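Here is upload_26.txt, consisting of compact mmCIF, C-alpha atoms:
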# COMPACT_ATOMS: atom_id res chain seq x y z
CA MET A 1 0.00 0.00 0.00
CA THR A 2 1.40 3.42 -0.94
CA ASP A 3 1.22 6.65 0.98
CA THR A 4 -1.35 8.09 -1.43
CA ARG A 5 -4.17 6.05 0.14
CA PRO A 6 -7.10 8.00 1.60
CA GLY A 7 -7.41 8.37 5.34
CA ARG A 8 -3.75 8.27 6.30
CA ARG A 9 -2.84 10.20 9.41
CA PRO A 10 -2.21 13.99 9.52
CA GLY A 11 1.39 15.02 8.99
CA ASN A 12 2.05 12.99 5.88
CA PRO A 13 3.93 15.43 3.65
CA GLY A 14 1.99 14.46 0.50
CA THR A 15 -1.45 15.01 1.99
CA ARG A 16 -1.43 18.79 2.09
CA ASP A 17 -0.22 18.96 -1.54
CA GLN A 18 -2.95 16.52 -2.55
CA ILE A 19 -5.63 18.68 -0.92
CA VAL A 20 -4.23 21.83 -2.55
CA ALA A 21 -4.22 20.19 -5.99
CA ALA A 22 -7.82 19.03 -5.60
CA ALA A 23 -8.82 22.50 -4.40
CA ARG A 24 -7.09 24.20 -7.34
CA ALA A 25 -9.03 22.02 -9.78
CA ALA A 26 -12.33 22.59 -7.95
CA PHE A 27 -11.88 26.37 -7.70
CA ALA A 28 -10.88 26.56 -11.37
CA ALA A 29 -13.93 24.54 -12.43
CA GLN A 30 -16.57 26.04 -10.13
CA GLY A 31 -15.19 29.17 -8.48
CA LEU A 32 -14.95 29.99 -4.80
CA GLU A 33 -18.62 30.13 -3.80
CA ALA A 34 -19.68 26.80 -5.34
CA THR A 35 -16.76 24.80 -3.92
CA SER A 36 -17.13 23.22 -0.46
CA LEU A 37 -14.35 21.88 1.78
CA ARG A 38 -16.28 18.61 1.87
CA ALA A 39 -16.17 18.33 -1.94
CA VAL A 40 -12.45 19.11 -1.95
CA ALA A 41 -11.86 16.40 0.68
CA ARG A 42 -13.81 13.91 -1.43
CA ALA A 43 -11.85 14.82 -4.59
CA ALA A 44 -8.57 14.51 -2.70
CA GLY A 45 -9.60 11.16 -1.22
CA VAL A 46 -9.18 12.30 2.40
CA ASP A 47 -11.45 12.88 5.40
CA ALA A 48 -13.03 16.33 5.67
CA ALA A 49 -11.49 16.57 9.16
CA LEU A 50 -8.07 16.33 7.59
CA VAL A 51 -8.77 19.33 5.32
CA HIS A 52 -9.72 21.29 8.45
CA HIS A 53 -6.51 20.12 10.09
CA TYR A 54 -4.49 21.93 7.41
CA PHE A 55 -6.81 24.84 6.52
CA ARG A 56 -8.98 26.75 8.94
CA SER A 57 -11.32 28.06 6.24
CA LYS A 58 -12.23 27.73 2.60
CA GLN A 59 -10.62 31.12 2.03
CA GLU A 60 -7.33 29.93 3.51
CA LEU A 61 -7.40 26.90 1.23
CA PHE A 62 -8.26 29.09 -1.74
CA VAL A 63 -5.29 31.37 -1.10
CA ALA A 64 -2.97 28.38 -0.70
CA SER A 65 -4.22 26.82 -3.94
CA THR A 66 -3.92 29.90 -6.17
CA ASP A 67 -0.45 30.34 -7.46
CA LEU A 68 -0.12 34.14 -7.73
CA PRO A 69 3.29 35.15 -9.03
CA ILE A 70 3.46 38.11 -6.65
CA ASP A 71 2.46 38.54 -3.02
CA PRO A 72 0.19 41.59 -2.62
CA ALA A 73 0.60 41.45 1.16
CA ALA A 74 4.37 41.79 0.80
CA LEU A 75 3.89 44.75 -1.55
CA LEU A 76 1.51 46.35 0.93
CA ALA A 77 3.89 45.72 3.82
CA GLY A 78 6.38 47.86 1.88
CA VAL A 79 3.90 50.73 2.18
CA ALA A 80 4.21 50.71 5.95
CA ALA A 81 8.01 50.46 5.75
CA ASP A 82 8.55 53.43 3.40
CA PRO A 83 5.24 55.29 3.06
CA ASP A 84 6.53 58.18 0.94
CA ARG A 85 8.03 55.94 -1.76
CA ALA A 86 5.44 53.18 -1.61
CA GLY A 87 3.90 53.89 -5.02
CA GLU A 88 7.19 53.93 -6.87
CA LEU A 89 8.45 50.81 -5.08
CA MET A 90 5.21 48.96 -5.76
CA ALA A 91 5.18 49.90 -9.46
CA GLY A 92 8.83 48.86 -9.77
CA ALA A 93 8.26 45.50 -8.07
CA PHE A 94 5.23 44.75 -10.25
CA LEU A 95 6.99 45.66 -13.51
CA ALA A 96 10.07 43.67 -12.48
CA MET A 97 7.80 40.68 -11.86
CA LEU A 98 6.33 41.09 -15.37
CA ASP A 99 9.83 41.00 -16.83
CA ASP A 100 10.19 37.44 -15.53
CA ALA A 101 8.75 35.13 -18.21
CA ASP A 102 7.44 32.48 -15.81
CA ALA A 103 5.78 34.93 -13.42
CA ARG A 104 4.32 36.87 -16.35
CA GLN A 105 2.81 33.71 -17.83
CA ARG A 106 1.19 32.81 -14.52
CA LEU A 107 -0.35 36.25 -14.12
CA LEU A 108 -1.55 36.41 -17.73
CA ALA A 109 -3.09 32.94 -17.42
CA ILE A 110 -5.14 34.18 -14.45
CA LEU A 111 -6.22 37.32 -16.35
CA ARG A 112 -7.15 35.36 -19.49
CA ALA A 113 -9.15 32.85 -17.46
CA ALA A 114 -10.98 35.64 -15.62
CA ALA A 115 -11.70 37.43 -18.91
CA THR A 116 -13.56 34.49 -20.38
CA ASP A 117 -14.83 32.33 -17.53
CA GLU A 118 -17.18 33.44 -14.76
CA ALA A 119 -15.93 30.74 -12.36
CA ALA A 120 -12.36 31.93 -12.81
CA ALA A 121 -13.51 35.52 -12.32
CA ALA A 122 -15.26 34.44 -9.11
CA SER A 123 -12.06 32.77 -7.92
CA LEU A 124 -10.09 35.91 -8.71
CA ARG A 125 -12.61 38.00 -6.76
CA GLY A 126 -12.09 35.73 -3.77
CA LEU A 127 -8.35 35.91 -4.16
CA ILE A 128 -8.38 39.69 -4.32
CA HIS A 129 -10.58 39.86 -1.25
CA GLU A 130 -8.31 37.56 0.75
CA ARG A 131 -4.93 38.56 -0.61
CA VAL A 132 -5.37 42.24 -1.44
CA ALA A 133 -8.31 43.89 0.31
CA ARG A 134 -7.80 42.30 3.70
CA PRO A 135 -4.02 42.90 3.95
CA ALA A 136 -4.65 46.45 2.70
CA ALA A 137 -7.02 47.12 5.59
CA GLU A 138 -4.22 46.12 7.96
CA ALA A 139 -1.33 47.85 6.15
CA LEU A 140 -2.91 51.18 5.18
CA ALA A 141 -3.34 53.84 7.83
CA ALA A 142 -5.98 55.59 5.71
CA ASP A 143 -9.70 55.69 5.02
CA HIS A 144 -11.22 53.29 2.44
CA PRO A 145 -8.31 50.77 2.47
CA SER A 146 -10.09 48.23 0.24
CA LEU A 147 -11.09 50.82 -2.36
CA ARG A 148 -7.49 52.10 -2.36
CA ALA A 149 -6.10 48.60 -2.84
CA THR A 150 -8.48 47.82 -5.70
CA LEU A 151 -7.70 51.14 -7.43
CA VAL A 152 -4.02 50.17 -7.25
CA GLY A 153 -4.96 46.79 -8.67
CA SER A 154 -6.91 48.38 -11.53
CA GLN A 155 -3.86 50.37 -12.65
CA LEU A 156 -1.48 47.41 -12.32
CA VAL A 157 -3.79 45.00 -14.16
CA GLY A 158 -4.39 47.60 -16.89
CA LEU A 159 -0.64 48.02 -17.24
CA ALA A 160 -0.09 44.26 -17.56
CA PHE A 161 -2.95 44.01 -20.05
CA ALA A 162 -1.78 46.92 -22.23
CA ARG A 163 1.91 46.00 -22.08
CA HIS A 164 1.82 42.22 -22.34
CA VAL A 165 -1.59 41.06 -23.56
CA VAL A 166 -2.36 43.68 -26.22
CA GLY A 167 1.23 44.91 -26.61
CA VAL A 168 0.25 48.55 -27.12
CA GLU A 169 3.08 50.80 -28.32
CA PRO A 170 4.88 52.79 -27.11
CA LEU A 171 3.89 51.37 -23.71
CA ALA A 172 5.03 47.84 -24.53
CA SER A 173 8.61 48.83 -25.33
CA THR A 174 9.03 51.58 -22.72
CA PRO A 175 11.67 50.50 -20.17
CA ALA A 176 10.27 49.27 -16.84
CA GLU A 177 12.05 51.99 -14.86
CA VAL A 178 10.49 54.75 -17.00
CA LEU A 179 7.03 53.24 -16.53
CA ALA A 180 7.59 52.80 -12.78
CA ALA A 181 8.40 56.52 -12.55
CA ALA A 182 5.30 57.39 -14.60
CA VAL A 183 2.92 55.11 -12.68
CA GLY A 184 4.46 55.40 -9.19
CA PRO A 185 2.72 58.70 -8.28
CA THR A 186 -0.62 57.19 -9.33
CA LEU A 187 -0.20 54.30 -6.89
CA GLN A 188 1.14 56.66 -4.23
CA ARG A 189 -2.00 58.78 -4.39
CA TYR A 190 -4.30 55.74 -4.41
CA LEU A 191 -2.48 54.37 -1.34
CA THR A 192 -2.01 57.46 0.79
CA GLY A 193 -3.55 60.52 -0.91
CA ALA A 194 -7.02 62.01 -1.24
CA ILE A 195 -9.22 59.70 -3.32
CA ALA A 196 -12.82 60.48 -2.41
CA MET B 1 -30.80 40.41 -60.46
CA THR B 2 -30.59 42.04 -57.02
CA ASP B 3 -28.45 44.95 -55.92
CA THR B 4 -26.16 42.65 -53.94
CA ARG B 5 -24.37 41.48 -57.10
CA PRO B 6 -20.60 42.15 -57.33
CA GLY B 7 -19.34 44.96 -59.49
CA ARG B 8 -22.24 47.33 -59.19
CA ARG B 9 -21.37 50.99 -59.52
CA PRO B 10 -19.98 53.23 -56.71
CA GLY B 11 -22.60 55.04 -54.68
CA ASN B 12 -24.87 52.07 -54.03
CA PRO B 13 -25.73 52.50 -50.35
CA GLY B 14 -25.24 48.80 -49.56
CA THR B 15 -21.73 48.57 -50.99
CA ARG B 16 -19.89 50.42 -48.27
CA ASP B 17 -21.64 48.37 -45.55
CA GLN B 18 -20.76 45.18 -47.43
CA ILE B 19 -17.07 46.16 -47.56
CA VAL B 20 -17.07 47.09 -43.87
CA ALA B 21 -18.68 43.77 -42.90
CA ALA B 22 -16.11 41.82 -44.92
CA ALA B 23 -13.30 43.87 -43.39
CA ARG B 24 -14.59 43.29 -39.85
CA ALA B 25 -14.58 39.53 -40.42
CA ALA B 26 -11.11 39.60 -42.01
CA PHE B 27 -9.59 41.76 -39.26
CA ALA B 28 -11.16 39.59 -36.56
CA ALA B 29 -9.82 36.42 -38.19
CA GLN B 30 -6.34 37.59 -39.17
CA GLY B 31 -5.58 40.92 -37.54
CA LEU B 32 -4.57 44.17 -39.16
CA GLU B 33 -1.18 43.24 -40.62
CA ALA B 34 -2.26 40.06 -42.41
CA THR B 35 -5.37 41.55 -44.00
CA SER B 36 -5.06 43.20 -47.44
CA LEU B 37 -7.52 45.56 -49.12
CA ARG B 38 -7.48 43.17 -52.07
CA ALA B 39 -8.58 40.25 -49.86
CA VAL B 40 -11.34 42.38 -48.35
CA ALA B 41 -12.56 43.33 -51.83
CA ARG B 42 -12.61 39.68 -52.83
CA ALA B 43 -14.52 38.66 -49.69
CA ALA B 44 -17.01 41.50 -50.23
CA GLY B 45 -17.45 40.52 -53.90
CA VAL B 46 -16.42 43.94 -55.23
CA ASP B 47 -13.56 45.39 -57.27
CA ALA B 48 -10.49 46.48 -55.31
CA ALA B 49 -10.87 49.91 -56.92
CA LEU B 50 -14.24 50.24 -55.23
CA VAL B 51 -12.70 49.63 -51.80
CA HIS B 52 -10.23 52.44 -52.57
CA HIS B 53 -13.15 54.61 -53.63
CA TYR B 54 -14.57 54.43 -50.08
CA PHE B 55 -11.40 54.07 -47.97
CA ARG B 56 -8.08 55.73 -48.67
CA SER B 57 -6.08 53.24 -46.60
CA LYS B 58 -6.30 49.93 -44.79
CA GLN B 59 -6.11 51.87 -41.52
CA GLU B 60 -9.11 53.96 -42.47
CA LEU B 61 -11.06 50.81 -43.30
CA PHE B 62 -9.94 49.20 -40.04
CA VAL B 63 -11.17 52.15 -38.01
CA ALA B 64 -14.51 52.14 -39.85
CA SER B 65 -14.95 48.41 -39.29
CA THR B 66 -14.19 48.32 -35.57
CA ASP B 67 -17.17 49.22 -33.56
CA LEU B 68 -15.64 50.95 -30.52
CA PRO B 69 -18.34 52.10 -28.09
CA ILE B 70 -16.43 55.30 -27.35
CA ASP B 71 -14.49 57.71 -29.53
CA PRO B 72 -11.01 58.31 -28.08
CA ALA B 73 -10.48 61.25 -30.43
CA ALA B 74 -13.57 62.97 -29.02
CA LEU B 75 -12.31 62.35 -25.48
CA LEU B 76 -8.92 63.77 -26.44
CA ALA B 77 -10.52 66.78 -28.10
CA GLY B 78 -12.03 67.53 -24.68
CA VAL B 79 -8.49 67.88 -23.35
CA ALA B 80 -7.82 70.81 -25.63
CA ALA B 81 -11.17 72.40 -24.77
CA ASP B 82 -10.74 72.28 -20.97
CA PRO B 83 -7.16 71.25 -20.18
CA ASP B 84 -7.38 71.62 -16.40
CA ARG B 85 -10.40 69.34 -16.01
CA ALA B 86 -9.53 66.91 -18.81
CA GLY B 87 -8.73 63.96 -16.54
CA GLU B 88 -11.92 64.21 -14.55
CA LEU B 89 -14.06 64.72 -17.67
CA MET B 90 -12.43 61.79 -19.42
CA ALA B 91 -12.84 59.45 -16.43
CA GLY B 92 -16.48 60.52 -16.11
CA ALA B 93 -17.22 59.96 -19.79
CA PHE B 94 -15.59 56.53 -19.76
CA LEU B 95 -17.42 55.38 -16.62
CA ALA B 96 -20.73 56.71 -17.98
CA MET B 97 -20.13 54.71 -21.16
CA LEU B 98 -19.55 51.57 -19.04
CA ASP B 99 -22.89 52.14 -17.32
CA ASP B 100 -24.62 51.64 -20.68
CA ALA B 101 -25.18 47.90 -21.08
CA ASP B 102 -24.78 47.82 -24.86
CA ALA B 103 -21.62 49.93 -24.94
CA ARG B 104 -20.15 47.93 -22.06
CA GLN B 105 -20.80 44.64 -23.86
CA ARG B 106 -19.08 45.90 -26.99
CA LEU B 107 -16.00 47.05 -25.07
CA LEU B 108 -15.81 43.84 -23.01
CA ALA B 109 -16.14 41.74 -26.17
CA ILE B 110 -13.09 43.53 -27.59
CA LEU B 111 -11.12 43.03 -24.34
CA ARG B 112 -12.08 39.36 -24.08
CA ALA B 113 -11.10 38.73 -27.70
CA ALA B 114 -7.77 40.50 -27.23
CA ALA B 115 -7.10 38.53 -24.02
CA THR B 116 -7.34 35.18 -25.73
CA ASP B 117 -6.62 35.69 -29.43
CA GLU B 118 -3.45 37.12 -30.93
CA ALA B 119 -5.21 38.28 -34.11
CA ALA B 120 -7.74 40.22 -32.05
CA ALA B 121 -4.90 41.67 -29.98
CA ALA B 122 -3.19 42.72 -33.22
CA SER B 123 -6.39 44.40 -34.40
CA LEU B 124 -6.69 46.19 -31.09
CA ARG B 125 -3.08 47.37 -31.37
CA GLY B 126 -3.89 48.81 -34.79
CA LEU B 127 -7.03 50.43 -33.47
CA ILE B 128 -5.18 52.04 -30.57
CA HIS B 129 -2.52 53.31 -32.93
CA GLU B 130 -5.06 54.83 -35.31
CA ARG B 131 -7.72 55.92 -32.85
CA VAL B 132 -5.75 56.79 -29.71
CA ALA B 133 -2.06 57.42 -30.30
CA ARG B 134 -2.41 59.46 -33.48
CA PRO B 135 -5.23 61.75 -32.24
CA ALA B 136 -3.29 62.15 -29.00
CA ALA B 137 -0.26 63.45 -30.85
CA GLU B 138 -2.50 66.11 -32.38
CA ALA B 139 -4.52 66.96 -29.26
CA LEU B 140 -1.83 67.01 -26.57
CA ALA B 141 0.50 69.98 -26.34
CA ALA B 142 3.02 67.92 -24.37
CA ASP B 143 6.03 65.65 -24.79
CA HIS B 144 5.49 61.89 -25.36
CA PRO B 145 1.85 62.17 -26.53
CA SER B 146 1.55 58.48 -27.49
CA LEU B 147 2.98 57.25 -24.19
CA ARG B 148 0.60 59.59 -22.36
CA ALA B 149 -2.39 58.31 -24.32
CA THR B 150 -1.49 54.66 -23.71
CA LEU B 151 -0.95 55.28 -19.98
CA VAL B 152 -4.46 56.76 -19.89
CA GLY B 153 -5.67 53.69 -21.76
CA SER B 154 -3.97 51.35 -19.28
CA GLN B 155 -5.83 52.92 -16.35
CA LEU B 156 -9.18 52.95 -18.17
CA VAL B 157 -8.87 49.36 -19.39
CA GLY B 158 -7.79 48.24 -15.91
CA LEU B 159 -10.82 49.99 -14.45
CA ALA B 160 -13.18 48.28 -16.92
CA PHE B 161 -11.52 44.92 -16.26
CA ALA B 162 -11.62 45.21 -12.46
CA ARG B 163 -15.13 46.69 -12.31
CA HIS B 164 -16.96 44.72 -14.98
CA VAL B 165 -14.97 41.61 -15.94
CA VAL B 166 -13.71 40.48 -12.54
CA GLY B 167 -16.21 42.48 -10.49
CA VAL B 168 -13.75 43.31 -7.72
CA GLU B 169 -15.32 44.83 -4.59
CA PRO B 170 -15.56 47.52 -3.41
CA LEU B 171 -14.57 48.91 -6.83
CA ALA B 172 -17.46 47.24 -8.67
CA SER B 173 -20.17 48.84 -6.53
CA THR B 174 -18.55 52.24 -6.00
CA PRO B 175 -20.65 54.93 -7.74
CA ALA B 176 -19.24 56.15 -11.06
CA GLU B 177 -18.93 59.75 -9.82
CA VAL B 178 -16.81 58.66 -6.83
CA LEU B 179 -14.53 56.64 -9.11
CA ALA B 180 -14.28 59.49 -11.61
CA ALA B 181 -13.10 61.77 -8.79
CA ALA B 182 -10.57 59.14 -7.66
CA VAL B 183 -9.21 58.35 -11.13
CA GLY B 184 -9.49 61.83 -12.69
CA PRO B 185 -6.22 63.18 -11.23
CA THR B 186 -4.40 60.08 -12.53
CA LEU B 187 -5.55 60.77 -16.09
CA GLN B 188 -4.87 64.50 -15.65
CA ARG B 189 -1.24 63.81 -14.74
CA TYR B 190 -0.82 61.28 -17.56
CA LEU B 191 -2.24 63.83 -20.04
CA THR B 192 -0.60 67.06 -18.95
CA GLY B 193 1.75 66.45 -16.01
CA ALA B 194 5.30 65.18 -15.53
CA ILE B 195 5.52 61.53 -16.52
CA ALA B 196 9.13 60.79 -17.40
How does this structure look as structure tokens?
Amino acid sequence: MTDTRPGRRPGNPGTRDQIVAAARAAFAAQGLEATSLRAVARAAGVDAALVHHYFRSKQELFVASTDLPIDPAALLAGVAADPDRAGELMAGAFLAMLDDADARQRLLAILRAAATDEAAAASLRGLIHERVARPAAEALAADHPSLRATLVGSQLVGLAFARHVVGVEPLASTPAEVLAAAVGPTLQRYLTGAIA
Amino acid sequence: MTDTRPGRRPGNPGTRDQIVAAARAAFAAQGLEATSLRAVARAAGVDAALVHHYFRSKQELFVASTDLPIDPAALLAGVAADPDRAGELMAGAFLAMLDDADARQRLLAILRAAATDEAAAASLRGLIHERVARPAAEALAADHPSLRATLVGSQLVGLAFARHVVGVEPLASTPAEVLAAAVGPTLQRYLTGAIA
């Protein structure tokens, strides 16, 4: 008998990965709302109690199963560390991430899926809520933290779309550092300035 | 014999529509670069000379055949008319357009096609060049007019994507006038401020 059998005891190093893989498939097929922890446990061939052993909530499992190429919480933590340069640093980190072929492909796959599939869009909504809006509320000492974080997201996603999906010139061939300087003050105002 | 036969004389009111319909199909299937006026004439069942009678260039035909729900040149003309409020006016006009179900569907169809199909992305690149970058160079009394116009486009497309494709909260349910006030200064700086 191999260690991939259902019902083996907690702590087996393959179990968590197995749950995450089943969750990724379920979230991709049905989105966040329609996926239950019980259904994920069934698909992974484990007890529901074991899923709860590793993940306290469906949201926590969702975050673990979605392979974002960049960590919004880490970007937002940078805001607290250097509030006056946060916008420029965030734009630079995002554009540097897009210059990495593997990370870019992962982000564009998420955007393409969300553009054409409601379940994928629902998953992305959940991801943004858990990974962007909630950390923003903790990191930003300002009013409307979630609106600020999603305005930042709208500019960054639009930049990725224009630069790498459509390939609009001259934006597509403008060096990342020039774009970071152009977009940085936008993010800075969304994060810490007057927005409403 | 009906008036849809090939080779009928210039001025027939159906001919121009027939050419535009053939061009729309060709651009959607192959993109701007790979489509020739000759191939469009053949698909429309008319002489190539007749296509030239209606459209001076492939770009002019492309612009006529792509059914954008908003006219970027008109938005940019507003910049010249009221330069200090251009960003806010442009954001307001774009968000008002997105509140119209038909216009929104047409824009989202273009974005979805570009997200998943290279030929559609190529068509959109051509459209942006003809309809955004070129009018911008005429309307903006500033350095880097095309980069400015495409930065504006990146924010507007990101807003449409976040608000209507993904449906990110709280952005999706924030009233258009609040968003226009939040995004207006971004567009204003991209249009007339220091960007590089």
- Task: For each of A:Leu159, A:Ala180, A:Leu191, A:Ala120, take the minimum atom-to-atom distance to A:Ala136, counting all atoms listed in the file, then give the residue where this is smallest.
- Result: A:Leu191
- Separation of atom CA of A:Gln59 from atom CA of A:Leu187, in Å and rounded to one decimal: 26.9 Å
Give me the chain B side of the contact with chain A, cut-off 6 Å, one line per residue showing its nearest atom pair and distance in Å at one decimal, counting only C-alpha atoms, sorted by chain and residue number, as a Markdown table.
| residue | atom | partner | partner_atom | distance |
| --- | --- | --- | --- | --- |
| B:Arg112 | CA | A:Ala115 | CA | 5.5 |
| B:Ala115 | CA | A:Arg112 | CA | 5.5 |
| B:Ala121 | CA | A:Val166 | CA | 5.0 |
| B:Arg125 | CA | A:Val168 | CA | 5.5 |
| B:Leu147 | CA | A:Pro170 | CA | 5.7 |
| B:Ser154 | CA | A:Gly158 | CA | 4.5 |
| B:Gln155 | CA | A:Gln155 | CA | 4.9 |
| B:Val157 | CA | A:Gly158 | CA | 5.4 |
| B:Gly158 | CA | A:Gly158 | CA | 3.6 |
| B:Leu159 | CA | A:Ser154 | CA | 5.1 |
| B:Ala162 | CA | A:Ser154 | CA | 5.8 |
| B:Val166 | CA | A:Ala121 | CA | 5.0 |
| B:Val168 | CA | A:Arg125 | CA | 5.5 |
| B:Pro170 | CA | A:Leu147 | CA | 5.7 |
| B:Leu171 | CA | A:Leu147 | CA | 6.0 |
| B:Ala182 | CA | A:Ile195 | CA | 4.6 |
| B:Thr186 | CA | A:Thr186 | CA | 5.7 |
| B:Ile195 | CA | A:Ala182 | CA | 4.6 |
| B:Ala196 | CA | A:Ala182 | CA | 5.8 |
- Message: Report, in Å with one decimal, the straight-line distance from atom CA of B:His52 to atom CA of B:Leu76.
- Response: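 Going from atom CA of B:His52 over to atom CA of B:Leu76 covers 28.5 Å.
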- Task: Figure out the distance between atom CA of B:Ala137 and atom CA of B:Val63, please, to one decimal in Å.
- Result: 17.3 Å
- Message: Ranking B:Phe62, B:Arg106, B:Val79, B:Ile70 by minimum distance to B:Phe94 and counting all atoms listed in the file, which one comes first?
- Response: B:Ile70
- Message: Using only C-alpha atoms, which protein or nucleic acid residues come within 10 Å of A:Ser36? Drop anything in the same chain fewer than 2 positions from it, and give the result as a list in words.
- Response: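 So, after excluding close chain neighbours, the residues are Ala23, Ala26, Phe27, Leu32, Glu33, Ala34, Arg38, Ala39, Val40, Ala41, Arg42 and Lys58 of chain A.
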What does the file look like for those residues with C-alpha atoms, as a CSV table (one decimal), in the coordinates of the input?
chain,number,residue,atom,x,y,z
A,23,ALA,CA,-8.8,22.5,-4.4
A,26,ALA,CA,-12.3,22.6,-8.0
A,27,PHE,CA,-11.9,26.4,-7.7
A,32,LEU,CA,-15.0,30.0,-4.8
A,33,GLU,CA,-18.6,30.1,-3.8
A,34,ALA,CA,-19.7,26.8,-5.3
A,38,ARG,CA,-16.3,18.6,1.9
A,39,ALA,CA,-16.2,18.3,-1.9
A,40,VAL,CA,-12.4,19.1,-2.0
A,41,ALA,CA,-11.9,16.4,0.7
A,42,ARG,CA,-13.8,13.9,-1.4
A,58,LYS,CA,-12.2,27.7,2.6
- One residue among B:Val20, B:Leu89, B:Ala96, B:Ala43 is nearest to B:Glu60 when using all atoms listed in the file, and that residue is B:Val20
Using the file's own x, y and z axes, what box holds all listed atoms of stretch 24-28 of chain A with 8 Å on each side, keeping edges along x, y and z, and what are its centre and edge lengths in Å to one decimal, as AutoDock Vina command-line options?
--center_x -9.7 --center_y 24.3 --center_z -9.4 --size_x 21.2 --size_y 20.5 --size_z 20.0
